[in-house]
Each structure stands twice: as C-alpha cells, then as structure tokens.
>>> print(open('run.cif').read())   # mmCIF, C-alpha atoms
data_protein
#
loop_
_atom_site.label_atom_id
_atom_site.label_comp_id
_atom_site.auth_asym_id
_atom_site.auth_seq_id
_atom_site.Cartn_x
_atom_site.Cartn_y
_atom_site.Cartn_z
CA MET B 1 17.14 -3.12 -51.12
CA ARG B 2 13.65 -1.67 -51.52
CA GLY B 3 12.23 -4.36 -49.20
CA ALA B 4 14.69 -3.42 -46.50
CA LEU B 5 13.73 0.28 -46.58
CA PRO B 6 10.64 0.05 -44.32
CA TRP B 7 12.63 -1.98 -41.78
CA LEU B 8 15.45 0.56 -41.91
CA LEU B 9 12.95 3.38 -41.27
CA LEU B 10 11.43 1.38 -38.43
CA CYS B 11 14.84 0.84 -36.83
CA MET B 12 15.65 4.55 -37.18
CA LEU B 13 12.33 5.41 -35.52
CA ALA B 14 13.00 2.93 -32.74
CA THR B 15 16.43 4.30 -31.99
CA SER B 16 15.70 7.99 -32.38
CA ALA B 17 12.05 8.43 -31.41
CA CYS B 18 11.72 7.17 -27.87
CA GLY B 19 14.73 8.94 -26.41
CA THR B 20 14.73 10.06 -22.80
CA SER B 21 16.29 13.20 -21.42
CA THR B 22 17.32 13.21 -17.78
CA ARG B 23 18.60 16.08 -15.63
CA VAL B 24 20.08 15.45 -12.20
CA ASP B 25 20.78 18.26 -9.71
CA GLU B 26 22.36 17.88 -6.34
CA PHE B 27 23.06 19.83 -3.18
CA ARG B 28 25.91 18.90 -0.83
CA PRO B 29 26.40 20.86 2.39
CA SER B 30 29.92 19.43 2.56
CA SER B 31 32.32 17.77 0.14
CA THR B 32 33.16 15.06 2.67
CA LEU B 33 31.94 11.62 1.73
CA LEU B 34 29.45 10.06 4.12
CA PRO B 35 31.05 7.29 6.18
CA LEU B 36 29.23 4.02 6.73
CA ASN B 37 30.61 1.36 9.06
CA SER B 38 30.24 -2.31 8.28
CA ASP B 39 27.47 -2.68 10.87
CA GLU B 40 25.51 0.36 9.65
CA LYS B 41 22.73 0.46 7.09
CA VAL B 42 20.99 2.82 4.71
CA VAL B 43 17.23 2.78 4.19
CA VAL B 44 15.40 4.29 1.22
CA VAL B 45 11.80 5.24 2.02
CA GLY B 46 9.10 6.74 -0.20
CA ARG B 47 7.04 9.75 0.83
CA ARG B 48 3.32 8.94 0.75
CA HIS B 49 1.70 11.79 2.62
CA SER B 50 0.35 13.54 -0.45
CA GLY B 51 -3.17 12.66 -1.54
CA ALA B 52 -2.41 13.49 -5.17
CA TYR B 53 0.23 10.83 -5.80
CA GLU B 54 2.13 7.95 -4.24
CA THR B 55 5.86 7.36 -4.54
CA ASP B 56 5.94 3.95 -6.21
CA PRO B 57 7.48 1.18 -4.01
CA ASP B 58 9.02 -0.38 -7.14
CA PHE B 59 10.94 2.86 -7.75
CA ILE B 60 12.17 2.85 -4.15
CA ASN B 61 13.31 -0.77 -4.54
CA CYS B 62 15.08 0.17 -7.76
CA ILE B 63 17.10 2.90 -5.97
CA GLY B 64 17.82 0.56 -3.06
CA ASN B 65 19.10 -2.11 -5.46
CA LYS B 66 21.33 0.42 -7.24
CA LEU B 67 22.90 1.47 -3.92
CA ALA B 68 23.31 -2.12 -2.78
CA THR B 69 24.73 -3.55 -6.00
CA ARG B 70 26.81 -0.69 -7.40
CA GLY B 71 27.54 1.27 -4.23
CA GLN B 72 28.15 -1.89 -2.18
CA LEU B 73 26.14 -0.31 0.64
CA SER B 74 24.13 -2.28 3.15
CA VAL B 75 20.53 -1.32 2.32
CA MET B 76 17.50 -2.32 4.36
CA PRO B 77 14.41 -3.06 2.21
CA GLU B 78 11.68 -0.43 2.59
CA GLN B 79 8.91 -2.81 3.65
CA GLN B 80 11.11 -4.42 6.31
CA PHE B 81 11.86 -0.96 7.70
CA LEU B 82 8.18 0.11 7.70
CA ASP B 83 7.16 -3.13 9.46
CA SER B 84 9.96 -2.85 12.03
CA PHE B 85 8.83 0.64 13.05
CA TYR B 86 5.06 0.22 12.65
CA PRO B 87 3.14 2.57 13.03
CA TRP B 88 5.69 5.42 13.14
CA PHE B 89 6.54 5.61 9.43
CA GLU B 90 3.05 5.02 8.04
CA PRO B 91 1.87 7.85 5.71
CA ARG B 92 -0.16 9.42 8.54
CA MET B 93 2.70 9.41 11.06
CA ALA B 94 5.97 9.70 9.11
CA PRO B 95 8.12 12.69 10.14
CA LEU B 96 8.24 15.40 7.47
CA GLY B 97 11.13 17.30 9.05
CA LEU B 98 14.29 16.63 11.02
CA LYS B 99 12.86 18.25 14.15
CA ARG B 100 10.07 15.70 14.33
CA MET B 101 12.52 12.91 13.49
CA GLY B 102 14.70 14.05 16.39
CA GLY B 103 11.67 13.91 18.67
CA MET B 104 10.91 10.40 17.50
CA LEU B 105 14.48 9.23 18.11
CA GLU B 106 14.15 10.42 21.71
CA ASP B 107 11.39 7.85 22.20
CA PRO B 108 13.20 4.98 23.97
CA LEU B 109 11.54 2.27 21.87
CA ILE B 110 12.19 3.95 18.50
CA GLY B 111 15.73 5.05 19.38
CA LYS B 112 16.60 1.55 20.63
CA ARG B 113 15.21 -0.09 17.46
CA VAL B 114 17.21 2.31 15.23
CA ARG B 115 20.40 1.40 17.09
CA GLU B 116 19.61 -2.34 17.12
CA LEU B 117 19.03 -2.40 13.37
CA GLY B 118 22.06 -0.19 12.72
CA ILE B 119 20.21 2.35 10.57
CA ARG B 120 22.57 5.28 10.02
CA TYR B 121 21.15 7.05 6.97
CA MET B 122 17.58 7.47 5.86
CA ILE B 123 16.92 8.57 2.29
CA TRP B 124 13.46 10.01 1.70
CA VAL B 125 12.30 9.90 -1.89
CA ASP B 126 9.35 12.02 -2.95
CA GLY B 127 7.85 12.29 -6.43
CA ASN B 128 6.07 10.44 -9.15
CA ILE B 129 5.81 9.75 -12.84
CA GLU B 130 2.94 11.06 -14.91
CA THR B 131 1.69 11.07 -18.46
CA THR B 132 1.83 14.68 -19.63
CA GLU B 133 0.53 14.41 -23.19
CA LYS B 134 -1.26 11.79 -25.22
CA SER B 135 -2.21 11.87 -28.90
CA GLY B 136 -3.18 9.64 -31.82
CA ALA B 137 -5.49 6.66 -32.07
CA ILE B 138 -5.29 2.99 -32.85
CA SER B 139 -8.19 0.85 -33.98
CA CYS B 140 -8.24 -2.91 -34.02
CA ALA B 141 -10.64 -5.28 -35.78
CA VAL B 142 -11.21 -9.02 -35.74
CA ALA B 143 -12.85 -10.92 -38.58
CA PRO B 144 -13.29 -14.68 -39.23
CA GLY B 145 -10.24 -14.60 -41.53
CA GLY B 146 -8.02 -12.82 -39.02
CA GLY B 147 -7.53 -9.46 -37.39
CA GLY B 148 -5.23 -6.54 -37.05
CA CYS B 149 -4.66 -3.01 -35.81
CA PHE B 150 -3.97 0.21 -37.64
CA GLY B 151 -2.98 3.61 -36.35
CA PHE B 152 -0.42 5.60 -34.43
CA SER B 153 -0.38 6.74 -30.84
CA SER B 154 2.15 8.66 -28.79
CA TRP B 155 2.45 9.78 -25.19
CA ASP B 156 4.94 11.77 -23.15
CA LYS B 157 5.93 10.84 -19.64
CA ALA B 158 7.69 12.98 -17.07
CA ALA B 159 9.25 11.75 -13.84
CA ASN B 160 10.16 14.19 -11.05
CA TYR B 161 11.78 12.88 -7.90
CA GLU B 162 13.70 14.37 -5.00
CA ALA B 163 15.81 12.40 -2.54
CA ILE B 164 16.92 13.81 0.82
CA ILE B 165 19.59 12.12 2.92
CA TRP B 166 19.18 12.26 6.69
CA ASP B 167 21.95 11.20 9.04
CA LEU B 168 20.23 9.57 12.00
CA GLY B 169 23.50 9.22 13.91
CA LYS B 170 24.27 12.95 14.04
CA LEU B 171 20.75 14.10 13.12
CA GLY B 172 21.25 16.35 10.13
CA GLU B 173 20.57 16.67 6.44
CA LYS B 174 23.51 15.45 4.37
CA GLY B 175 22.37 16.17 0.84
CA ARG B 176 19.66 16.37 -1.77
CA VAL B 177 19.34 14.96 -5.26
CA GLN B 178 16.67 16.01 -7.72
CA VAL B 179 15.99 14.23 -10.98
CA ASP B 180 13.76 15.26 -13.90
CA SER B 181 13.34 12.72 -16.64
CA LYS B 182 11.21 13.11 -19.76
CA GLY B 183 10.53 10.83 -22.67
CA SER B 184 8.13 10.11 -25.52
CA SER B 185 6.78 6.66 -26.30
CA TYR B 186 5.12 5.54 -29.51
CA LEU B 187 2.84 2.76 -30.60
CA LEU B 188 2.77 2.08 -34.32
CA ALA B 189 0.19 -0.39 -35.60
CA VAL B 190 0.31 -1.76 -39.12
CA GLY B 191 -1.31 -5.14 -38.68
CA ALA B 192 0.43 -5.87 -35.38
CA PRO B 193 1.08 -3.08 -32.85
CA ILE B 194 4.78 -2.25 -32.42
CA PRO B 195 5.63 -0.35 -29.22
CA PHE B 196 8.60 2.00 -28.77
CA ILE B 197 8.64 2.65 -25.05
CA ALA B 198 10.81 5.31 -23.40
CA ARG B 199 12.35 4.13 -20.10
CA VAL B 200 11.49 7.30 -18.17
CA GLN B 201 11.26 5.77 -14.70
CA GLY B 202 14.27 3.51 -15.34
CA GLU B 203 16.36 6.51 -16.39
CA ALA B 204 15.19 8.48 -13.33
CA CYS B 205 16.18 5.55 -11.08
CA GLU B 206 19.55 5.27 -12.80
CA GLY B 207 20.18 9.01 -12.43
CA ILE B 208 19.14 9.32 -8.81
CA GLY B 209 20.76 6.01 -7.78
CA THR B 210 24.13 6.83 -9.33
CA ARG B 211 24.19 10.32 -7.81
CA LEU B 212 23.14 9.11 -4.34
CA GLN B 213 25.85 6.48 -4.46
CA SER B 214 28.45 9.24 -4.98
CA PHE B 215 27.54 10.75 -1.59
CA PHE B 216 28.83 7.73 0.29
CA ALA B 217 32.41 6.73 0.94
CA PRO B 218 33.41 3.58 -0.96
CA ALA B 219 32.98 0.44 1.09
CA GLY B 220 36.17 -0.67 2.77
CA PRO B 221 37.53 -4.22 2.88
CA GLY B 222 35.71 -4.92 6.13
CA SER B 223 32.42 -3.59 4.85
CA PRO B 224 29.69 -5.96 3.70
CA MET L 1 -40.33 -54.52 -25.33
CA THR L 2 -36.80 -53.11 -25.44
CA LYS L 3 -37.23 -50.87 -28.51
CA PRO L 4 -39.78 -48.48 -26.97
CA GLN L 5 -37.56 -48.28 -23.88
CA VAL L 6 -34.62 -47.16 -26.04
CA SER L 7 -36.70 -44.50 -27.80
CA ILE L 8 -38.02 -43.21 -24.45
CA ASN L 9 -34.42 -42.99 -23.17
CA ALA L 10 -33.34 -41.20 -26.32
CA TYR L 11 -36.26 -38.79 -25.95
CA CYS L 12 -35.34 -38.11 -22.33
CA ARG L 13 -31.72 -37.47 -23.24
CA THR L 14 -32.71 -35.11 -26.07
CA SER L 15 -35.12 -33.19 -23.84
CA GLN L 16 -32.45 -32.99 -21.11
CA LEU L 17 -29.96 -31.67 -23.66
CA LEU L 18 -32.49 -29.10 -24.89
CA SER L 19 -33.22 -27.96 -21.34
CA HIS L 20 -29.48 -27.61 -20.77
CA LEU L 21 -29.16 -25.62 -24.00
CA ARG L 22 -31.94 -23.33 -22.81
CA LEU L 23 -29.82 -22.64 -19.73
CA LEU L 24 -26.85 -21.69 -21.87
CA PRO L 25 -27.73 -17.98 -22.28
CA ILE L 26 -28.32 -17.70 -18.52
CA VAL L 27 -24.97 -19.39 -17.84
CA ALA L 28 -23.32 -17.06 -20.38
CA VAL L 29 -24.87 -13.97 -18.75
CA ILE L 30 -23.80 -15.13 -15.26
CA THR L 31 -20.27 -15.83 -16.56
CA LEU L 32 -20.12 -12.37 -18.10
CA LEU L 33 -21.36 -10.75 -14.89
CA ILE L 34 -18.80 -12.63 -12.79
CA GLY L 35 -16.12 -11.77 -15.33
CA CYS L 36 -16.92 -8.05 -15.06
CA SER L 37 -16.99 -7.91 -11.27
CA THR L 38 -14.10 -7.58 -8.81
CA ASN L 39 -14.18 -10.03 -5.91
CA VAL L 40 -11.52 -9.82 -3.27
CA THR L 41 -10.92 -11.61 0.00
CA VAL L 42 -8.64 -9.11 1.70
CA ASN L 43 -5.37 -10.72 2.68
CA GLY L 44 -2.57 -8.85 4.41
CA ASP L 45 0.15 -9.22 7.01
CA TYR L 46 0.07 -6.76 9.87
CA PRO L 47 3.32 -6.17 11.71
CA SER L 48 3.84 -6.09 15.44
CA ALA L 49 3.55 -2.54 16.80
CA LEU L 50 6.47 -0.66 18.32
CA VAL L 51 4.55 0.88 21.24
CA ALA L 52 4.66 0.68 25.03
CA ARG L 53 1.98 -1.63 26.43
CA GLN L 54 -0.66 0.03 28.57
CA PRO L 55 -1.10 -1.59 32.01
CA LEU L 56 -4.71 -2.45 31.29
CA SER L 57 -6.70 -5.61 30.89
CA VAL L 58 -8.94 -5.22 27.86
CA GLY L 59 -11.69 -7.29 26.25
CA LEU L 60 -12.05 -6.95 22.50
CA VAL L 61 -15.60 -7.84 21.49
CA LEU L 62 -15.68 -9.12 17.93
CA ASN L 63 -19.19 -10.19 16.97
CA ASP L 64 -20.19 -12.31 13.98
CA SER L 65 -21.10 -9.36 11.77
CA PHE L 66 -17.62 -7.89 12.30
CA ASN L 67 -15.88 -11.24 11.80
CA SER L 68 -17.61 -11.98 8.52
CA TYR L 69 -18.01 -8.42 7.20
CA ARG L 70 -18.35 -8.24 3.43
CA PHE L 71 -18.65 -5.01 1.47
CA THR L 72 -20.51 -4.81 -1.84
CA SER L 73 -20.48 -1.61 -3.85
CA GLU L 74 -23.91 -0.23 -4.65
CA LYS L 75 -23.15 2.26 -7.41
CA ASP L 76 -24.89 1.32 -10.66
CA ASN L 77 -22.54 3.12 -13.03
CA ARG L 78 -19.47 1.02 -12.29
CA GLN L 79 -18.52 -2.62 -12.20
CA PRO L 80 -19.61 -4.40 -9.02
CA VAL L 81 -17.02 -4.81 -6.30
CA THR L 82 -17.27 -7.34 -3.50
CA MET L 83 -14.74 -7.26 -0.72
CA ALA L 84 -14.55 -9.81 2.12
CA LEU L 85 -12.95 -7.71 4.83
CA GLY L 86 -13.93 -9.58 8.02
CA GLU L 87 -11.04 -12.01 8.46
CA SER L 88 -8.36 -9.42 7.73
CA GLN L 89 -9.80 -6.76 10.06
CA VAL L 90 -10.09 -9.34 12.86
CA GLN L 91 -6.40 -10.20 12.31
CA LEU L 92 -5.47 -6.50 12.48
CA PHE L 93 -7.53 -5.70 15.60
CA ASN L 94 -6.24 -8.77 17.44
CA ARG L 95 -2.66 -7.86 16.61
CA VAL L 96 -3.04 -4.19 17.59
CA PHE L 97 -4.81 -4.92 20.89
CA THR L 98 -2.24 -7.57 21.84
CA ASP L 99 0.55 -5.02 21.29
CA MET L 100 -1.31 -2.10 22.90
CA PHE L 101 -2.37 -3.56 26.23
CA GLN L 102 -0.78 -5.73 28.89
CA SER L 103 -3.63 -8.21 28.62
CA SER L 104 -6.13 -8.59 25.82
CA ALA L 105 -8.92 -11.15 25.43
CA THR L 106 -11.18 -11.66 22.43
CA LEU L 107 -14.86 -12.04 23.25
CA LYS L 108 -17.88 -12.91 21.12
CA THR L 109 -20.38 -10.79 23.07
CA LEU L 110 -20.25 -7.99 25.60
CA PRO L 111 -20.23 -9.59 29.09
CA THR L 112 -23.05 -8.59 31.41
CA GLY L 113 -22.33 -7.70 35.03
CA GLN L 114 -19.02 -7.05 36.72
CA ASN L 115 -15.86 -8.74 35.48
CA THR L 116 -12.08 -8.53 35.84
CA LEU L 117 -11.56 -6.48 32.68
CA ASP L 118 -10.64 -2.79 32.88
CA LEU L 119 -12.13 -1.89 29.51
CA MET L 120 -14.27 -3.59 26.90
CA ILE L 121 -14.11 -2.38 23.31
CA VAL L 122 -16.69 -3.17 20.65
CA PRO L 123 -15.57 -2.16 17.15
CA GLU L 124 -18.07 -1.88 14.33
CA ILE L 125 -17.43 -0.97 10.73
CA THR L 126 -19.94 1.71 9.77
CA GLU L 127 -18.89 2.80 6.30
CA VAL L 128 -16.71 1.72 3.39
CA GLN L 129 -16.08 3.98 0.42
CA LEU L 130 -14.24 3.14 -2.76
CA ALA L 131 -12.75 5.08 -5.63
CA THR L 132 -12.28 2.67 -8.52
CA PRO L 133 -9.84 2.83 -11.48
CA MET L 134 -12.75 4.16 -13.57
CA GLU L 135 -12.71 7.24 -11.35
CA THR L 136 -8.94 7.49 -10.79
CA GLN L 137 -8.08 6.75 -14.48
CA LEU L 138 -5.32 4.36 -13.32
CA ASN L 139 -5.24 0.83 -11.90
CA VAL L 140 -5.39 2.53 -8.52
CA TYR L 141 -8.07 2.05 -5.89
CA GLU L 142 -8.71 4.30 -2.93
CA VAL L 143 -10.41 2.88 0.15
CA TRP L 144 -11.92 4.74 3.09
CA LEU L 145 -12.97 2.80 6.18
CA LYS L 146 -14.97 4.22 9.03
CA TYR L 147 -15.09 2.41 12.38
CA ASN L 148 -17.15 3.09 15.46
CA LEU L 149 -15.46 1.94 18.66
CA LYS L 150 -17.71 1.71 21.69
CA VAL L 151 -15.71 1.60 24.89
CA TYR L 152 -17.17 0.28 28.18
CA ASP L 153 -15.65 -0.03 31.62
CA GLY L 154 -15.51 -3.30 33.59
CA ASN L 155 -19.04 -2.76 34.89
CA GLY L 156 -20.44 -2.36 31.38
CA GLN L 157 -20.88 1.39 31.72
CA PRO L 158 -20.19 3.35 28.50
CA VAL L 159 -16.92 5.33 28.58
CA ALA L 160 -16.44 6.55 25.00
CA ASP L 161 -17.93 6.32 21.55
CA TRP L 162 -15.11 6.93 19.05
CA MET L 163 -15.54 7.36 15.30
CA MET L 164 -12.29 6.47 13.60
CA SER L 165 -11.60 6.78 9.88
CA ALA L 166 -8.77 5.27 7.83
CA TYR L 167 -7.55 5.65 4.27
CA GLY L 168 -5.54 3.53 1.88
CA LYS L 169 -4.47 3.73 -1.73
CA THR L 170 -2.89 1.33 -4.22
CA GLN L 171 0.81 2.20 -4.18
CA SER L 172 2.12 0.29 -7.17
CA ARG L 173 0.80 1.67 -10.45
CA PHE L 174 1.68 -1.43 -12.43
CA LEU L 175 -0.20 -4.19 -10.64
CA LYS L 176 -1.52 -6.83 -12.99
CA SER L 177 -5.06 -7.31 -11.73
CA ASP L 178 -7.89 -5.27 -10.23
CA GLU L 179 -8.07 -7.73 -7.34
CA GLU L 180 -4.40 -7.20 -6.47
CA ALA L 181 -4.77 -3.40 -6.65
CA LEU L 182 -7.92 -3.40 -4.47
CA ASN L 183 -6.33 -5.76 -1.96
CA GLN L 184 -3.27 -3.51 -1.66
CA ALA L 185 -5.42 -0.40 -1.13
CA THR L 186 -7.53 -2.14 1.54
CA VAL L 187 -4.49 -3.51 3.38
CA MET L 188 -3.06 0.03 3.40
CA ALA L 189 -6.36 1.32 4.82
CA LEU L 190 -6.30 -1.37 7.52
CA ARG L 191 -2.68 -0.52 8.39
CA ASP L 192 -3.79 3.11 8.67
CA ALA L 193 -6.66 2.06 10.95
CA GLY L 194 -4.11 0.26 13.13
CA ALA L 195 -1.90 3.36 13.22
CA ARG L 196 -4.90 5.50 14.27
CA LEU L 197 -5.78 3.04 17.01
CA LEU L 198 -2.23 2.77 18.33
CA THR L 199 -1.58 6.50 18.43
CA GLY L 200 -5.05 7.97 18.88
CA PHE L 201 -6.76 5.77 21.45
CA GLN L 202 -5.25 7.50 24.46
CA GLN L 203 -5.92 10.91 22.97
CA ILE L 204 -9.70 10.42 23.07
CA PRO L 205 -10.84 12.96 25.72
CA GLU L 206 -13.20 10.49 27.44
CA ILE L 207 -10.43 7.84 27.64
CA ARG L 208 -7.95 10.38 29.01
CA GLN L 209 -10.53 11.39 31.62
CA TRP L 210 -11.20 7.76 32.51
CA LEU L 211 -7.47 7.03 32.83
CA ALA L 212 -6.99 10.14 34.99
CA ASN L 213 -9.89 9.11 37.27
CA ARG L 214 -8.46 5.60 37.48
CA GLN L 215 -5.00 6.84 38.44
CA ALA L 216 -6.28 9.43 40.96
CA PRO L 217 -7.34 6.96 43.74
CA ALA L 218 -4.03 5.07 43.30
CA LYS L 219 -2.01 8.27 43.73
CA LEU L 220 -4.16 9.28 46.74
CA SER L 221 -3.55 5.92 48.47
CA GLN L 222 0.21 6.24 47.80
CA ARG L 223 0.21 9.70 49.49
CA THR L 224 -1.79 8.36 52.48
CA GLU L 225 0.71 5.50 52.89
CA ARG L 226 3.61 8.01 52.99
#
>>> encode(input="run.cif", output="structure tokens")
Amino acid sequence: MRGALPWLLLCMLATSACGTSTRVDEFRPSSTLLPLNSDEKVVVVGRRHSGAYETDPDFINCIGNKLATRGQLSVMPEQQFLDSFYPWFEPRMAPLGLKRMGGMLEDPLIGKRVRELGIRYMIWVDGNIETTEKSGAISCAVAPGGGGCFGFSSWDKAANYEAIIWDLGKLGEKGRVQVDSKGSSYLLAVGAPIPFIARVQGEACEGIGTRLQSFFAPAGPGSP
Amino acid sequence: MTKPQVSINAYCRTSQLLSHLRLLPIVAVITLLIGCSTNVTVNGDYPSALVARQPLSVGLVLNDSFNSYRFTSEKDNRQPVTMALGESQVQLFNRVFTDMFQSSATLKTLPTGQNTLDLMIVPEITEVQLATPMETQLNVYEVWLKYNLKVYDGNGQPVADWMMSAYGKTQSRFLKSDEEALNQATVMALRDAGARLLTGFQQIPEIRQWLANRQAPAKLSQRTER
C-alpha cells in the first residue's frame, strides 16, 4: 500500500494539475442558421498581417477538420485557397474589412474564381497562443554509470482566438466567435522527466470549432 | 628478402594510421562546426498568379550570380546560417513574369542594340537579413529580402530602378528542425516578393509614365484614322 502511494499522488497530480479552462463567446446578428448548398464551400483562413504573431496554420487546419468531420461541411484547405487566389490573400494583400473584400470580388478574375470554386463563406481566424508564465528548473546529469534529471518546472499557456464569418454570396458578416483558453503544464523530474501537458491549443480548437459548426444549418441528404 | 619488406609495410601502415589519428581532432572540430550550422537549399512551390496579363513582351535577365545566389550570415554571435536561394528565386521570378506579361523570355545577359522586346528587367538581390530563433526565442525565423530591379526599354535605355523589399516568417511554431523553419520563412518571403511584383510593378511612377507614353501614340493614330 505504501509503495502505491507515490503513484497515487502522481496520478492525482496528472489528473488535477494540468487542467485547462476555456471560455467561448459568440455574436450572432441573426438566429437563422447559415445555409450551405451541396456545391458551396467554406474556407478557414488565418490572419497574418500582424508582425507580432502569426496565426498557426496547424490551428487553422484543426478548425477546418472539425467543421468538415463533425459539421459535415465542405471545407477547402487553407493552402489550396491561398494558392488559388495568389497573390490576393497573402499577408500583405489580404482584405481586413468587408468593404475591401467587396472591392476585390468586383475584380472579374477574383469574382469568377470565387464562383468557380463555390466558396460561399470565409472564416477569418486571428490570434495566437503564448507562454504567459514560466517557473522552476530542471537539471540533468550524465555519468559513466548512467544519468538522470531532477527538478520541477511549470509554465502557463494562454490561447486567444477570434473567428469572423463572412458571407461572400451576400457580402456581410454573419457572426463572430471568440475563445480564451488557459492552462498550466508541469514537468516533474525524478530520474526521468515526466511531463503533464495542458492541451491549451487543442481545447481552443475544440471550443471554436464546435461553436462555429453551430452557425451552419445541418447538411441535408444531398449535401456532401 | 621478404621479412624487411613486411616490416617496412607494417611501418608504413602504422605511420599512416598515426597521421590519420592526428587528423581526428580536425575532423571532430569540422563535424562539430557543421553540426552547429544551419544549411538550407530553399525549396518551395510558387502558385500561378491570378492577374490579368499585360500586353507586353518582356525579357527577364537572370545572370549567373542571381541564379546561384547563396547567402551566408556574417554575425559572429550566432550559429552560422547558409542559404542557397538562387534556384528558388529563379523559379519564382520565371513563374511571376510568365503570369504577368503576354510574352516573357529568360535571358542570360542584357541584349545590346535594338530588339523586339518591349521591356528588359534585370533583378538583383541586394540584401538578405535574418532574425534567428536565438533572437526570436522560438523556432521561428524572420527573413527580409531586398531586390533591385533595373528596367530597360527595347533599345536598352534605362526606364526605372526599383528597390523592392519582401518579408517572411516561419508560420508553424512546432516545426522539427531549424532547416525546415528557415525554409518556410524564406519561401514566405519569396511569395511576398512575388506579391509585390505582381501588384506593385505597374504602380512604379517611371513605369506608369513609360506605359502612358507608349499608349499615347497608339491613341493618337486611332483618332487620326477616325
């Protein structure tokens, strides 16, 4: 029983310590669900105009996958969209507001490509994840007989993202979702380092993906 | 007679082995230096541009120094970085010019005398700047590229001298290697250079003036015909 005590403590630490708290807020101009025909697509694109941070493409893919798998929506991959419209959605050129987007859609080449590809909704995602606090230290040593680490380290991560839905068919904003996710991770080293990692970005993706999915009308039988 | 031969051979082998052993520290130092440096041959795919083609016949002059351009960082306080940029920038410029103009030809040198081309463009990379993970505190590189584009008309007369800068940054924070992160940042900078070229070329005042002068006689002849 005594031998099991450290393991019990370790399991308690693992389950309780690296918890993540996530808050999701939304704004809907209308309670009507957004319709999407079988030949129409949604694209999720990251904002990258800020010099201070970049919206991670992996996070964008994660949201896209959530919408495609759970929401059964037809989602165009971000890179395919950026390449199809090069150079108009590169960080330097991407429209920051609907007015500029409207101007771009009036360009015959861009407007034609949007219609050809069937892109109805564009979801802009802006934000990042950052390490807010870091403490503790771990030291490792190697000797001819073996090696090991000893110490304790912890860090807090915070993810803040905002998603804005644009309807390219009727040119208007259809909703906003904001997610704040926080979590603490730990690294305990007694001989071998044991990590307890909080899934901050994963939780943020889950939160924003699930909420975005609720904006769209469920896919009908004829939908892909 | 054979015994001395064997001992001479053994002596030679021992001395060869010793000379090789003497080289060991040098080999170790070289290995360490290579291990601590970042070497990248930039490799990216550049998409076709969604722009209207200009009704111009253009010669893109890509000389050997541009084609085989290699950047080496010179700062002493950080690990050395070597970046072979030539092949990738040639790929980008060829792609952009093909999409931008009705006709585009790649030339090795600037032709002398009159020719059938409307414009001849000689790009040159003048500056490369890097911010390494040591400076950004993440596995994130930032790359700044500065190009000088010299534009000549068909007679070889200078039309414009355009300084164009581009910027790129590693987008994924969790890339496994330095090489991958640096490659991604450089490809982003090259894509940005392409975007600048595609959208900014016609905005250069000297080019606008040249295009206006070129269109003026055509319009005048149309009016005379009417």
>>> resolve_selection(input="run.cif", expression="the PyMOL selection byres ((chain L) within 12 of (chain B))", output="VMD selection string")
chain L and resid 45 to 53 95 to 96 99 to 100 136 to 138 140 to 142 165 to 175 184 to 185 188 to 200
>>> closest_residue(input="run.cif", among="L:Ala105, L:Ala84, L:Val128, L:Leu60", to="Leu145 of chain L", atoms="only C-alpha atoms")
L:Val128
>>> closest_residue(input="run.cif", among="L:Gln79, L:Gln209, L:Gln89, L:Thr106", to="Ala131 of chain L", atoms="all atoms listed in the file")
L:Gln79
>>> resolve_selection(input="run.cif", expression="the PyMOL selection byres ((chain B and resi 66-73) around 12)", output="MDAnalysis selection string")
chainID B and resid 34:44 59:65 74:77 119:121 123 202 204:224
>>> closest_residue(input="run.cif", among="B:Leu33, B:Ile138, B:Val114, B:Ile164", to="Arg47 of chain B", atoms="only C-alpha atoms")
B:Ile164
>>> resolve_selection(input="run.cif", expression="the PyMOL selection byres ((chain L and resi 124) around 12)", output="PyMOL selection string")
chain L and resi 60-69+86+89-90+93+121-123+125-128+145-151+161-165
>>> atom_distance(input="run.cif", atom1="atom CA of Ser154 of chain B", atom2="atom CA of Val190 of chain B")
14.8 Å
>>> residues_around(input="run.cif", residues="Thr112 of chain L", least_positions_apart="3", cutoff="12 Å", atoms="all atoms listed in the file", output="number ranges by chain")
L: 109, 115-117, 120, 152-157
>>> closest_residue(input="run.cif", among="L:Gln54, L:Ser37, L:Ser104, L:Gln203", to="Thr82 of chain L", atoms="only C-alpha atoms")
L:Ser37
>>> build_atoms(input="run.cif", residues="segment 181-193 of chain L", atoms="N, CA and C atoms", output="mmCIF file, keeping the file's coordinate frame")
data_model
loop_
_atom_site.group_PDB
_atom_site.id
_atom_site.type_symbol
_atom_site.label_atom_id
_atom_site.label_comp_id
_atom_site.auth_asym_id
_atom_site.auth_seq_id
_atom_site.Cartn_x
_atom_site.Cartn_y
_atom_site.Cartn_z
ATOM 1 N N ALA L 181 -4.794 -4.845 -6.937
ATOM 2 C CA ALA L 181 -4.770 -3.400 -6.650
ATOM 3 C C ALA L 181 -5.732 -3.060 -5.506
ATOM 4 N N LEU L 182 -6.933 -3.668 -5.530
ATOM 5 C CA LEU L 182 -7.920 -3.400 -4.470
ATOM 6 C C LEU L 182 -7.444 -3.967 -3.138
ATOM 7 N N ASN L 183 -6.851 -5.150 -3.183
ATOM 8 C CA ASN L 183 -6.330 -5.760 -1.960
ATOM 9 C C ASN L 183 -5.253 -4.867 -1.341
ATOM 10 N N GLN L 184 -4.353 -4.350 -2.181
ATOM 11 C CA GLN L 184 -3.270 -3.510 -1.660
ATOM 12 C C GLN L 184 -3.826 -2.240 -1.019
ATOM 13 N N ALA L 185 -4.821 -1.621 -1.678
ATOM 14 C CA ALA L 185 -5.420 -0.400 -1.130
ATOM 15 C C ALA L 185 -6.111 -0.675 0.207
ATOM 16 N N THR L 186 -6.802 -1.813 0.305
ATOM 17 C CA THR L 186 -7.530 -2.140 1.540
ATOM 18 C C THR L 186 -6.561 -2.477 2.670
ATOM 19 N N VAL L 187 -5.494 -3.195 2.346
ATOM 20 C CA VAL L 187 -4.490 -3.510 3.380
ATOM 21 C C VAL L 187 -3.854 -2.219 3.887
ATOM 22 N N MET L 188 -3.607 -1.267 2.980
ATOM 23 C CA MET L 188 -3.060 0.030 3.400
ATOM 24 C C MET L 188 -4.040 0.754 4.316
ATOM 25 N N ALA L 189 -5.340 0.682 3.980
ATOM 26 C CA ALA L 189 -6.360 1.320 4.820
ATOM 27 C C ALA L 189 -6.418 0.662 6.195
ATOM 28 N N LEU L 190 -6.274 -0.662 6.234
ATOM 29 C CA LEU L 190 -6.300 -1.370 7.520
ATOM 30 C C LEU L 190 -5.047 -1.037 8.347
ATOM 31 N N ARG L 191 -3.905 -0.935 7.682
ATOM 32 C CA ARG L 191 -2.680 -0.520 8.390
ATOM 33 C C ARG L 191 -2.865 0.871 8.976
ATOM 34 N N ASP L 192 -3.537 1.746 8.194
ATOM 35 C CA ASP L 192 -3.790 3.110 8.670
ATOM 36 C C ASP L 192 -4.741 3.090 9.874
ATOM 37 N N ALA L 193 -5.739 2.190 9.817
ATOM 38 C CA ALA L 193 -6.660 2.060 10.950
ATOM 39 C C ALA L 193 -5.883 1.632 12.199
#
